[in-house]
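To keep things clear, I will list the structure first and then write my remarks on it.
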Amino acid sequence: MATPRTLASTAVGASPSLWDPVVRLTHWGIAASVLTNAVLDEGGSLLHVSVGWIVMALLVLRLVWGVLGPAEARFSAFPPNPVTAVRHLRQLVAGRVRHYPSHNPAGALMAYAFWATLAVVTASGLYLTGGATPMQVAEEKAAVASGDWSALIAEGGGESSEEDKSLRHTVEEVHEVAANLLLLLAALHIAGVIVEGRVLRRSLVRPMLLGDVRRGK
């Protein structure tokens, strides 16, 4: 039977988790995209819309990979379980965290929360832009810059009803709240990685950057 001491020994001596290229691509791609849309651009801009489409593509890829990818990347390897996540956090505070070949229970819960919030941000963003692609946004902005408003007038179809305006305002609020929640979840994730890395006495970032650090892949 494992004791707290043996659990700590196993956690410290265990090899880093191995992350395949698709997991690493989607992880860092989404992280960079969320940061870009939160800090470097404005809602409705060409960059904002372009990044939104990239995020949607990366999210879909990660969800598909959660079914078809290797064992560590599949949803079956880290099912969401709040009870197990709380137990893991208690072990973390006690300094006796066990090793997991995939996401630990708290990390798993964070991943699902992040993906769900990201889906809300993406869906609300698509509604607000009318599903416009980056090319369409670029064409509209070019037309407005040249003084041609005909395309926007044709798409508008006259004055919006009060119900439409109210719905749009609600979606805007949802989009903003979800976007801010993403940043909060990201901050909690970073804090968790730092704390757990210290308890395990090894880097949790390196495997996500390099994959199998033992073979330099």
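Residue numbering restarts at 1 in every chain; chains get A, B, ... in the order shown in the structure tokens, and ligands count up from 1 in that same order.
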Discussion item. For the helix (DSSP H, G or I) assignment from backbone DSSP, which residues of region 89-126 of chain A qualify? Please present them as a list in words.
Written reply: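 Residues of region 89-126 of chain A classed as helix (DSSP H, G or I): Leu89, Arg90, Gln91, Leu92, Val93, Ala94, Pro105, Ala106, Gly107, Ala108, Leu109, Met110, Ala111, Tyr112, Ala113, Phe114, Trp115, Ala116, Thr117, Leu118, Ala119, Val120, Val121, Thr122, Ala123, Ser124, Gly125 and Leu126 of chain A.
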Restricted to N, CA and C atoms, what would the selected residues look like written as an mmCIF file, in the first residue's frame?
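And here's part_27.cif as it stands now:
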```
data_model
loop_
_atom_site.group_PDB
_atom_site.id
_atom_site.type_symbol
_atom_site.label_atom_id
_atom_site.label_comp_id
_atom_site.auth_asym_id
_atom_site.auth_seq_id
_atom_site.Cartn_x
_atom_site.Cartn_y
_atom_site.Cartn_z
ATOM 1 N N LEU A 89 -5.796 18.594 -4.904
ATOM 2 C CA LEU A 89 -5.348 19.868 -4.342
ATOM 3 C C LEU A 89 -4.955 19.718 -2.875
ATOM 4 N N ARG A 90 -5.698 18.896 -2.150
ATOM 5 C CA ARG A 90 -5.341 18.645 -0.750
ATOM 6 C C ARG A 90 -3.988 17.939 -0.662
ATOM 7 N N GLN A 91 -3.750 16.989 -1.547
ATOM 8 C CA GLN A 91 -2.456 16.304 -1.574
ATOM 9 C C GLN A 91 -1.348 17.284 -1.934
ATOM 10 N N LEU A 92 -1.672 18.216 -2.829
ATOM 11 C CA LEU A 92 -0.686 19.211 -3.240
ATOM 12 C C LEU A 92 -0.278 20.085 -2.060
ATOM 13 N N VAL A 93 -1.266 20.512 -1.277
ATOM 14 C CA VAL A 93 -0.980 21.331 -0.097
ATOM 15 C C VAL A 93 -0.122 20.551 0.899
ATOM 16 N N ALA A 94 -0.384 19.242 0.996
ATOM 17 C CA ALA A 94 0.379 18.399 1.923
ATOM 18 C C ALA A 94 1.747 18.008 1.367
ATOM 19 N N PRO A 105 -5.921 15.515 -11.936
ATOM 20 C CA PRO A 105 -7.362 15.818 -11.834
ATOM 21 C C PRO A 105 -7.691 17.307 -11.833
ATOM 22 N N ALA A 106 -6.894 18.116 -11.132
ATOM 23 C CA ALA A 106 -7.148 19.556 -11.116
ATOM 24 C C ALA A 106 -6.873 20.162 -12.488
ATOM 25 N N GLY A 107 -5.788 19.729 -13.119
ATOM 26 C CA GLY A 107 -5.471 20.212 -14.458
ATOM 27 C C GLY A 107 -6.520 19.799 -15.472
ATOM 28 N N ALA A 108 -7.070 18.597 -15.308
ATOM 29 C CA ALA A 108 -8.115 18.131 -16.203
ATOM 30 C C ALA A 108 -9.359 19.001 -16.097
ATOM 31 N N LEU A 109 -9.748 19.304 -14.863
ATOM 32 C CA LEU A 109 -10.919 20.144 -14.652
ATOM 33 C C LEU A 109 -10.693 21.528 -15.257
ATOM 34 N N MET A 110 -9.476 22.050 -15.116
ATOM 35 C CA MET A 110 -9.139 23.339 -15.693
ATOM 36 C C MET A 110 -9.219 23.295 -17.220
ATOM 37 N N ALA A 111 -8.730 22.205 -17.813
ATOM 38 C CA ALA A 111 -8.752 22.075 -19.271
ATOM 39 C C ALA A 111 -10.180 22.091 -19.802
ATOM 40 N N TYR A 112 -11.072 21.324 -19.173
ATOM 41 C CA TYR A 112 -12.459 21.289 -19.634
ATOM 42 C C TYR A 112 -13.142 22.638 -19.435
ATOM 43 N N ALA A 113 -12.860 23.307 -18.325
ATOM 44 C CA ALA A 113 -13.432 24.629 -18.082
ATOM 45 C C ALA A 113 -12.948 25.624 -19.132
ATOM 46 N N PHE A 114 -11.663 25.535 -19.471
ATOM 47 C CA PHE A 114 -11.081 26.442 -20.455
ATOM 48 C C PHE A 114 -11.688 26.191 -21.833
ATOM 49 N N TRP A 115 -11.806 24.917 -22.207
ATOM 50 C CA TRP A 115 -12.385 24.607 -23.526
ATOM 51 C C TRP A 115 -13.835 25.044 -23.618
ATOM 52 N N ALA A 116 -14.612 24.831 -22.554
ATOM 53 C CA ALA A 116 -16.013 25.238 -22.564
ATOM 54 C C ALA A 116 -16.131 26.758 -22.688
ATOM 55 N N THR A 117 -15.317 27.481 -21.932
ATOM 56 C CA THR A 117 -15.342 28.943 -21.998
ATOM 57 C C THR A 117 -14.892 29.431 -23.361
ATOM 58 N N LEU A 118 -13.886 28.772 -23.909
ATOM 59 C CA LEU A 118 -13.395 29.137 -25.234
ATOM 60 C C LEU A 118 -14.470 28.913 -26.294
ATOM 61 N N ALA A 119 -15.254 27.860 -26.139
ATOM 62 C CA ALA A 119 -16.349 27.597 -27.078
ATOM 63 C C ALA A 119 -17.401 28.708 -27.002
ATOM 64 N N VAL A 120 -17.684 29.192 -25.788
ATOM 65 C CA VAL A 120 -18.644 30.286 -25.618
ATOM 66 C C VAL A 120 -18.115 31.558 -26.272
ATOM 67 N N VAL A 121 -16.846 31.857 -26.061
ATOM 68 C CA VAL A 121 -16.233 33.045 -26.670
ATOM 69 C C VAL A 121 -16.298 32.953 -28.192
ATOM 70 N N THR A 122 -15.968 31.792 -28.722
ATOM 71 C CA THR A 122 -15.958 31.610 -30.174
ATOM 72 C C THR A 122 -17.362 31.719 -30.767
ATOM 73 N N ALA A 123 -18.322 31.045 -30.142
ATOM 74 C CA ALA A 123 -19.693 31.071 -30.658
ATOM 75 C C ALA A 123 -20.286 32.475 -30.598
ATOM 76 N N SER A 124 -20.073 33.168 -29.494
ATOM 77 C CA SER A 124 -20.595 34.531 -29.368
ATOM 78 C C SER A 124 -19.897 35.471 -30.338
ATOM 79 N N GLY A 125 -18.596 35.250 -30.563
ATOM 80 C CA GLY A 125 -17.872 36.071 -31.525
ATOM 81 C C GLY A 125 -18.384 35.871 -32.939
ATOM 82 N N LEU A 126 -18.702 34.619 -33.289
ATOM 83 C CA LEU A 126 -19.271 34.351 -34.614
ATOM 84 C C LEU A 126 -20.612 35.054 -34.789
#
```
If you count only C-alpha atoms, which residues fall within 7 Å of region 47-60 of chain A, apart from same-chain ones fewer than 4 positions away, as a short mmCIF file (atom, residue, chain, number, x, y, z; two decimals) with N, CA and C atoms, in the first residue's frame?
```
data_model
loop_
_atom_site.label_atom_id
_atom_site.label_comp_id
_atom_site.auth_asym_id
_atom_site.auth_seq_id
_atom_site.Cartn_x
_atom_site.Cartn_y
_atom_site.Cartn_z
N THR A 26 -1.76 22.98 -30.20
CA THR A 26 -3.04 23.56 -29.80
C THR A 26 -2.90 24.33 -28.49
N ILE A 30 -3.44 28.31 -28.85
CA ILE A 30 -4.58 28.93 -28.17
C ILE A 30 -4.10 29.96 -27.16
N SER A 33 -3.09 33.05 -28.98
CA SER A 33 -4.25 33.70 -29.58
C SER A 33 -5.08 34.45 -28.54
N ASN A 37 -5.69 38.54 -28.60
CA ASN A 37 -7.00 39.18 -28.66
C ASN A 37 -7.34 39.95 -27.39
N ASP A 41 -5.19 43.77 -29.72
CA ASP A 41 -6.11 44.26 -30.74
C ASP A 41 -7.46 44.58 -30.12
N GLU A 42 -8.37 45.07 -30.96
CA GLU A 42 -9.70 45.47 -30.51
C GLU A 42 -10.75 44.58 -31.15
N GLY A 43 -11.87 44.42 -30.43
CA GLY A 43 -12.96 43.62 -30.96
C GLY A 43 -13.46 44.15 -32.29
N VAL A 64 -11.03 16.93 -31.52
CA VAL A 64 -10.93 15.72 -32.35
C VAL A 64 -9.78 14.86 -31.86
N THR A 122 -15.97 31.79 -28.72
CA THR A 122 -15.96 31.61 -30.17
C THR A 122 -17.36 31.72 -30.77
N PRO A 134 -12.22 36.41 -42.18
CA PRO A 134 -11.25 37.52 -42.23
C PRO A 134 -11.23 38.23 -43.58
#
```
Do a neighbour search on Leu167 (chain A) at 12 Å with only C-alpha atoms, toss out local chain neighbours closer than 5 positions, and write the hits as a PDB file with C-alpha atoms, in the first residue's frame.
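Output file part25.pdb follows:
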```
ATOM      1  CA  SER A 124     -20.595  34.531 -29.368  1.00  0.00           C
ATOM      2  CA  TYR A 127     -22.711  35.738 -33.818  1.00  0.00           C
ATOM      3  CA  LEU A 128     -21.412  39.277 -33.327  1.00  0.00           C
ATOM      4  CA  SER A 160     -32.712  46.461 -36.339  1.00  0.00           C
ATOM      5  CA  SER A 161     -35.639  45.681 -34.079  1.00  0.00           C
ATOM      6  CA  GLU A 162     -35.438  46.298 -30.351  1.00  0.00           C
ATOM      7  CA  GLU A 172     -21.750  41.156 -26.320  1.00  0.00           C
ATOM      8  CA  GLU A 173     -21.948  40.913 -22.531  1.00  0.00           C
ATOM      9  CA  VAL A 174     -21.556  37.133 -22.646  1.00  0.00           C
TER      10      VAL A 174
END
```
Discussion item. Please compute the CA of Gly130 (chain A)-CA of Trp65 (chain A) distance, one decimal, in Å.
Written reply: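 So the answer is 28.1 Å.
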Item to complete: Find, counting only C-alpha atoms, the residue in A:Thr133, A:Ala71, A:Ala31, A:Phe78 that gets nearest to His189 (chain A).
Response: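 The answer is A:Ala31, which sits nearest to His189 (chain A).
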